[in-house]
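K.L.:
Here it is, the structure, as structure tokens.
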There are 2 protein chains.
Amino acid sequence: MAKRDSVLTRIVRIYETFGPDTPALRVTDIARRAELHVATASRLVDELVGHGWLHRDPDRRIRVGVRLWELASRASPTLGLREAAMPFMEDLHAVVGHHTQLAVLEDREVLFVERLSAPGAVVNVTRVAGRLPLHASSSGLVLLAHAPVDLQEQVLSGPLEAFRRTTLTDPARLRRFLADVRRNGYAFCAGFIDEETTGIAVPLRGRGDTVVAALSVIVPNDRNARMQIPALRAAARGISRMLSH
Amino acid sequence: MAKRDSVLTRIVRIYETFGPDTPALRVTDIARRAELHVATASRLVDELVGHGWLHRDPDRRIRVGVRLWELASRASPTLGLREAAMPFMEDLHAVVGHHTQLAVLEDREVLFVERLSAPGAVVNVTRVAGRLPLHASSSGLVLLAHAPVDLQEQVLSGPLEAFRRTTLTDPARLRRFLADVRRNGYAFCAGFIDEETTGIAVPLRGRGDTVVAALSVIVPNDRNARMQIPALRAAARGISRMLSH
């Protein structure tokens, strides 16, 4: 029990107990996961429910409140990016017919901020507001290739977790891959996360030509996968034009 | 200055200063808008920046942090609704070619939780995480028509703001309109918010056939508008089937 934490730190810990697999929790579970006294958790939860930042179901389980989602979304730093990208993402998704995703660099990880999916599309481990390590996914490799050099060196010198046999865990190989991404303008990752799928990602550029996000598609791992690259690059040019206005 | 407010109340007030038109603010502006001492606002902003819940730009202006958006989104109570609706919304949007929207009832208002738009689509006053009064929009009228009777009576007995000549501000007319929505299965609102556009909304049903959201399209206000109703109703049936599983 950390009694000297600030109220905000406790609130942050309460929100960190929720996720896609735990959208609703009892107060006792929140207290245990957030390492708070039940009385403390209960008092803070009551206050957060009062503001609509948390929601209490009829069965007394607690969820993230719609009001917090609304406040976070209506002024979200990625709102402009998502609004610029969506029309192009929809066209790309209609043509490619598989998952089409938008991701940003956040805390040395890839954060997916938008995704279009169709029923029957290939397996995809990501979801909106989900994360992946930079070195393991096509979006992450694009963002890493264009990240500041000190971030690249941190990732290259740190442990590189293997997801599959194909994951780039050797720093020298990863360094060459990143140079290829910068030269080719895309990351092509056949079977990197799932044997059946290929991730392809391209950079999106904002003002001053800075890479601000990655656009990607997840398609079947077959000989047609490379055919999607031109459509992806064309969509990225359109979005980048909107972003640099 | 409200000195006796809890830390959480002050934090809530800080977030309420941000919106689509004010995505970035100086600390002094936040203090003024949130009615806090600059020192108090400054200390709380520093702590929120430390947790990634707020972000400080290089020019020292403050924005909502990506981390807060991520926490709110990944466990958002509307996440399941949005995931179930999106594939059908994309098909509908491809066919209709204009704004396609998903909205829920929140605090006696319509809250838009998803929107697909195309460049060149008709004027639309809503945006993701934006709100509209229940009596003024097609989505709001669908949600109101299926809301608990006491909420309907509160809205019918309260002031009904006129947006245009066509806004339903007469309680008796509004009551008849809501009965028509329930009988017909849709709200058809030609020129209610903008003379040039027609909003059409249908209910989405979850478990136990409860109306949980509204699906809507905003199309040009012409003789073709009614043609969109069957496609909208078919999409709503598909989404409702997913939601009631």
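Here's how to read the names in the structure tokens: chain A, B, ... by the order shown, residue numbers from 1 in each chain, ligand numbers from 1 in the order shown.
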Enumerate, as a count of residues only, the complete set of residues in region 171-224 of chain B that a backbone-based DSSP assignment places in strand (DSSP E or B).

P.N.:
23

K.L.:
Residues within 8 Å of region 68-84 of chain B, please, as a PyMOL selection string. Count only C-alpha atoms; anything in the same chain fewer than 6 positions from it doesn't count.

P.N.:
(chain A and resi 15-16+18-20+22-23+63-66+68-69+72-73+76+128-130) or (chain B and resi 52-54+102+113-114+239+242-243)

K.L.:
Would you give me, as a ChimeraX atom specification, the residues in region 73-235 of chain A that DSSP reads as alpha helix (DSSP H)?

P.N.:
/A:73-74,79-96,138-145,149-157,171-184,229-235

K.L.:
Fit chain B to chain A, using all C-alpha atoms paired in sequence order for the least-squares superposition, and then show me the result as a CSV table (one decimal) with C-alpha atoms, in the first residue's frame.

P.N.:
chain,number,residue,atom,x,y,z
B,1,MET,CA,-0.1,0.1,0.0
B,2,ALA,CA,1.4,3.4,-1.0
B,3,LYS,CA,-0.2,5.9,1.4
B,4,ARG,CA,1.8,9.0,0.4
B,5,ASP,CA,0.8,9.0,-3.2
B,6,SER,CA,-1.0,12.0,-4.5
B,7,VAL,CA,-4.7,11.8,-5.3
B,8,LEU,CA,-3.9,12.1,-9.0
B,9,THR,CA,-1.5,9.2,-8.8
B,10,ARG,CA,-4.2,7.1,-7.2
B,11,ILE,CA,-6.7,8.1,-9.9
B,12,VAL,CA,-4.2,7.2,-12.6
B,13,ARG,CA,-3.7,3.8,-11.0
B,14,ILE,CA,-7.5,3.2,-10.9
B,15,TYR,CA,-7.8,3.9,-14.6
B,16,GLU,CA,-4.8,1.6,-15.4
B,17,THR,CA,-6.7,-1.3,-13.9
B,18,PHE,CA,-9.2,-1.2,-16.9
B,19,GLY,CA,-8.5,-2.5,-20.4
B,20,PRO,CA,-10.1,-4.3,-23.3
B,21,ASP,CA,-10.1,-7.6,-21.3
B,22,THR,CA,-11.3,-5.9,-18.0
B,23,PRO,CA,-13.8,-3.3,-19.1
B,24,ALA,CA,-15.9,-3.8,-15.9
B,25,LEU,CA,-14.5,-4.4,-12.4
B,26,ARG,CA,-15.8,-4.6,-8.8
B,27,VAL,CA,-14.4,-1.9,-6.4
B,28,THR,CA,-12.6,-4.6,-4.5
B,29,ASP,CA,-10.8,-5.8,-7.7
B,30,ILE,CA,-9.9,-2.2,-8.5
B,31,ALA,CA,-8.5,-1.7,-5.0
B,32,ARG,CA,-6.4,-4.9,-5.3
B,33,ARG,CA,-5.1,-4.2,-8.8
B,34,ALA,CA,-4.4,-0.5,-8.0
B,35,GLU,CA,-2.8,-1.4,-4.6
B,36,LEU,CA,-5.1,0.9,-2.7
B,37,HIS,CA,-7.1,0.4,0.5
B,38,VAL,CA,-10.7,-0.6,-0.3
B,39,ALA,CA,-11.9,2.5,1.5
B,40,THR,CA,-9.7,4.8,-0.5
B,41,ALA,CA,-10.6,3.1,-3.8
B,42,SER,CA,-14.3,3.2,-2.9
B,43,ARG,CA,-14.2,6.9,-2.0
B,44,LEU,CA,-12.3,7.9,-5.2
B,45,VAL,CA,-14.6,5.6,-7.4
B,46,ASP,CA,-17.7,7.3,-5.9
B,47,GLU,CA,-16.3,10.7,-6.7
B,48,LEU,CA,-15.3,9.7,-10.2
B,49,VAL,CA,-18.8,8.2,-10.8
B,50,GLY,CA,-20.2,11.5,-9.6
B,51,HIS,CA,-18.3,13.3,-12.4
B,52,GLY,CA,-19.2,10.7,-15.0
B,53,TRP,CA,-15.6,9.7,-15.3
B,54,LEU,CA,-16.5,6.2,-14.1
B,55,HIS,CA,-19.8,4.5,-14.6
B,56,ARG,CA,-21.5,2.1,-12.1
B,57,ASP,CA,-23.5,-0.7,-13.8
B,58,PRO,CA,-26.8,-1.9,-12.2
B,59,ASP,CA,-24.8,-4.9,-10.9
B,60,ARG,CA,-22.5,-2.4,-9.2
B,61,ARG,CA,-19.5,-3.2,-11.4
B,62,ILE,CA,-17.5,-0.1,-12.4
B,63,ARG,CA,-16.6,1.0,-16.0
B,64,VAL,CA,-14.8,3.9,-17.6
B,65,GLY,CA,-17.3,6.7,-18.0
B,66,VAL,CA,-18.5,7.9,-21.4
B,67,ARG,CA,-17.8,11.5,-20.1
B,68,LEU,CA,-14.1,10.7,-19.8
B,69,TRP,CA,-14.0,9.2,-23.3
B,70,GLU,CA,-15.8,12.4,-24.6
B,71,LEU,CA,-13.4,14.8,-22.9
B,72,ALA,CA,-10.3,12.8,-24.0
B,73,SER,CA,-11.6,12.4,-27.6
B,74,ARG,CA,-13.0,15.8,-28.4
B,75,ALA,CA,-9.6,17.5,-27.7
B,76,SER,CA,-7.4,14.4,-28.4
B,77,PRO,CA,-4.1,15.3,-29.9
B,78,THR,CA,-4.7,12.6,-32.6
B,79,LEU,CA,-8.1,14.0,-33.6
B,80,GLY,CA,-6.8,16.1,-36.5
B,81,LEU,CA,-4.7,13.2,-37.7
B,82,ARG,CA,-7.6,10.8,-37.6
B,83,GLU,CA,-10.0,13.3,-39.3
B,84,ALA,CA,-7.4,13.9,-42.1
B,85,ALA,CA,-6.7,10.2,-42.5
B,86,MET,CA,-10.2,8.6,-42.4
B,87,PRO,CA,-11.5,9.4,-45.9
B,88,PHE,CA,-8.2,8.0,-47.4
B,89,MET,CA,-8.3,5.1,-45.0
B,90,GLU,CA,-11.8,4.2,-46.1
B,91,ASP,CA,-10.9,4.3,-49.8
B,92,LEU,CA,-7.8,2.2,-49.1
B,93,HIS,CA,-9.8,-0.3,-47.0
B,94,ALA,CA,-12.4,-0.6,-49.7
B,95,VAL,CA,-9.7,-1.5,-52.3
B,96,VAL,CA,-7.5,-3.7,-50.1
B,97,GLY,CA,-10.4,-5.4,-48.2
B,98,HIS,CA,-8.4,-6.1,-45.1
B,99,HIS,CA,-7.4,-4.2,-41.9
B,100,THR,CA,-6.3,-0.7,-42.5
B,101,GLN,CA,-4.7,1.0,-39.5
B,102,LEU,CA,-3.3,4.4,-38.3
B,103,ALA,CA,-0.6,4.4,-35.6
B,104,VAL,CA,1.6,6.9,-33.7
B,105,LEU,CA,4.8,6.6,-31.7
B,106,GLU,CA,4.0,6.8,-28.0
B,107,ASP,CA,6.4,6.0,-25.1
B,108,ARG,CA,8.7,3.9,-27.3
B,109,GLU,CA,5.7,1.8,-28.5
B,110,VAL,CA,3.3,1.9,-31.4
B,111,LEU,CA,-0.2,3.1,-30.4
B,112,PHE,CA,-3.0,2.3,-32.8
B,113,VAL,CA,-5.4,5.3,-33.0
B,114,GLU,CA,-7.7,4.1,-35.8
B,115,ARG,CA,-8.6,0.9,-37.5
B,116,LEU,CA,-11.0,-0.2,-40.2
B,117,SER,CA,-11.7,-3.9,-40.4
B,118,ALA,CA,-14.0,-6.1,-42.4
B,119,PRO,CA,-15.6,-9.4,-41.2
B,120,GLY,CA,-13.5,-12.2,-42.7
B,121,ALA,CA,-10.3,-10.2,-42.7
B,122,VAL,CA,-7.1,-11.9,-41.7
B,123,VAL,CA,-6.0,-12.3,-38.1
B,124,ASN,CA,-4.9,-9.0,-36.5
B,125,VAL,CA,-3.5,-8.7,-33.0
B,126,THR,CA,-4.0,-4.9,-32.8
B,127,ARG,CA,-7.1,-2.9,-31.8
B,128,VAL,CA,-7.9,0.8,-31.4
B,129,ALA,CA,-6.0,2.2,-28.4
B,130,GLY,CA,-3.9,-1.0,-28.4
B,131,ARG,CA,-0.1,-1.0,-28.4
B,132,LEU,CA,2.8,-3.1,-30.0
B,133,PRO,CA,6.6,-2.9,-29.5
B,134,LEU,CA,8.3,-0.8,-32.2
B,135,HIS,CA,10.6,-3.6,-33.6
B,136,ALA,CA,7.9,-6.2,-34.0
B,137,SER,CA,5.2,-4.6,-36.3
B,138,SER,CA,5.4,-2.9,-39.7
B,139,SER,CA,3.9,0.3,-38.3
B,140,GLY,CA,6.5,0.3,-35.5
B,141,LEU,CA,9.4,-0.3,-37.9
B,142,VAL,CA,8.3,2.7,-40.0
B,143,LEU,CA,8.0,4.9,-36.9
B,144,LEU,CA,11.3,3.7,-35.5
B,145,ALA,CA,13.1,4.2,-38.9
B,146,HIS,CA,12.1,7.9,-38.8
B,147,ALA,CA,12.4,8.4,-35.0
B,148,PRO,CA,15.1,10.6,-33.4
B,149,VAL,CA,18.5,8.8,-33.5
B,150,ASP,CA,18.7,8.6,-29.7
B,151,LEU,CA,15.4,6.7,-29.5
B,152,GLN,CA,16.6,4.3,-32.3
B,153,GLU,CA,19.8,3.7,-30.3
B,154,GLN,CA,17.8,3.0,-27.1
B,155,VAL,CA,15.7,0.4,-28.9
B,156,LEU,CA,18.6,-1.1,-30.7
B,157,SER,CA,20.6,-1.5,-27.5
B,158,GLY,CA,17.7,-2.8,-25.4
B,159,PRO,CA,16.2,-6.3,-25.2
B,160,LEU,CA,14.4,-7.1,-28.5
B,161,GLU,CA,11.6,-9.6,-27.6
B,162,ALA,CA,11.0,-12.4,-30.2
B,163,PHE,CA,7.3,-12.9,-31.1
B,164,ARG,CA,8.1,-15.3,-33.8
B,165,ARG,CA,11.1,-16.8,-35.6
B,166,THR,CA,10.9,-13.9,-38.0
B,167,THR,CA,11.0,-11.1,-35.4
B,168,LEU,CA,14.0,-8.8,-35.9
B,169,THR,CA,15.9,-9.4,-32.7
B,170,ASP,CA,19.5,-9.0,-34.0
B,171,PRO,CA,20.5,-5.3,-33.7
B,172,ALA,CA,22.6,-5.4,-36.9
B,173,ARG,CA,19.8,-6.9,-38.9
B,174,LEU,CA,17.3,-4.5,-37.4
B,175,ARG,CA,19.6,-1.5,-38.3
B,176,ARG,CA,19.8,-2.7,-41.9
B,177,PHE,CA,16.0,-3.2,-42.1
B,178,LEU,CA,15.4,0.4,-40.8
B,179,ALA,CA,17.8,1.7,-43.5
B,180,ASP,CA,15.8,-0.2,-46.1
B,181,VAL,CA,12.5,1.3,-44.8
B,182,ARG,CA,13.9,4.8,-45.1
B,183,ARG,CA,15.3,4.1,-48.6
B,184,ASN,CA,12.2,2.1,-50.0
B,185,GLY,CA,9.5,4.3,-48.3
B,186,TYR,CA,7.7,1.3,-46.7
B,187,ALA,CA,8.1,-1.6,-44.3
B,188,PHE,CA,7.1,-5.0,-45.7
B,189,CYS,CA,6.8,-7.6,-42.9
B,190,ALA,CA,5.7,-11.0,-44.2
B,191,GLY,CA,4.8,-13.3,-41.3
B,192,PHE,CA,6.5,-11.1,-38.6
B,193,ILE,CA,3.6,-11.3,-36.1
B,194,ASP,CA,1.4,-14.1,-37.5
B,195,GLU,CA,2.6,-16.6,-40.2
B,196,GLU,CA,-0.6,-16.2,-42.2
B,197,THR,CA,-0.4,-12.4,-42.5
B,198,THR,CA,1.8,-9.7,-43.9
B,199,GLY,CA,1.9,-6.2,-42.4
B,200,ILE,CA,2.8,-3.3,-44.8
B,201,ALA,CA,3.3,0.2,-43.4
B,202,VAL,CA,4.3,3.6,-44.8
B,203,PRO,CA,5.1,6.9,-43.1
B,204,LEU,CA,2.7,9.9,-42.9
B,205,ARG,CA,4.3,13.3,-42.9
B,206,GLY,CA,3.1,16.5,-41.4
B,207,ARG,CA,4.5,20.1,-41.5
B,208,GLY,CA,8.2,20.3,-42.4
B,209,ASP,CA,8.0,16.8,-43.8
B,210,THR,CA,8.3,15.3,-40.3
B,211,VAL,CA,7.0,11.7,-39.9
B,212,VAL,CA,4.0,11.9,-37.6
B,213,ALA,CA,2.3,8.6,-38.0
B,214,ALA,CA,2.3,5.3,-39.9
B,215,LEU,CA,-0.5,4.0,-42.2
B,216,SER,CA,-0.6,0.2,-42.5
B,217,VAL,CA,-2.6,-2.7,-44.0
B,218,ILE,CA,-2.6,-6.3,-42.7
B,219,VAL,CA,-3.2,-8.7,-45.7
B,220,PRO,CA,-2.8,-12.4,-46.3
B,221,ASN,CA,0.8,-13.6,-46.4
B,222,ASP,CA,0.8,-14.6,-50.1
B,223,ARG,CA,2.3,-13.5,-53.4
B,224,ASN,CA,-0.3,-10.8,-53.9
B,225,ALA,CA,0.7,-8.9,-50.7
B,226,ARG,CA,3.3,-6.7,-52.5
B,227,MET,CA,0.6,-5.5,-54.9
B,228,GLN,CA,-0.9,-3.4,-52.1
B,229,ILE,CA,2.2,-1.2,-51.7
B,230,PRO,CA,1.3,1.3,-54.4
B,231,ALA,CA,-2.2,1.9,-53.1
B,232,LEU,CA,-0.8,2.3,-49.6
B,233,ARG,CA,1.8,4.8,-50.7
B,234,ALA,CA,-0.8,6.8,-52.8
B,235,ALA,CA,-3.1,7.0,-49.7
B,236,ALA,CA,-0.2,8.1,-47.5
B,237,ARG,CA,0.6,10.9,-50.0
B,238,GLY,CA,-3.0,12.1,-49.9
B,239,ILE,CA,-3.1,12.1,-46.0
B,240,SER,CA,0.4,13.8,-45.8
B,241,ARG,CA,-0.9,16.6,-48.1
B,242,MET,CA,-3.8,17.2,-45.8
B,243,LEU,CA,-1.6,17.1,-42.7
B,244,SER,CA,1.0,19.6,-44.1
B,245,HIS,CA,-1.6,22.2,-45.0
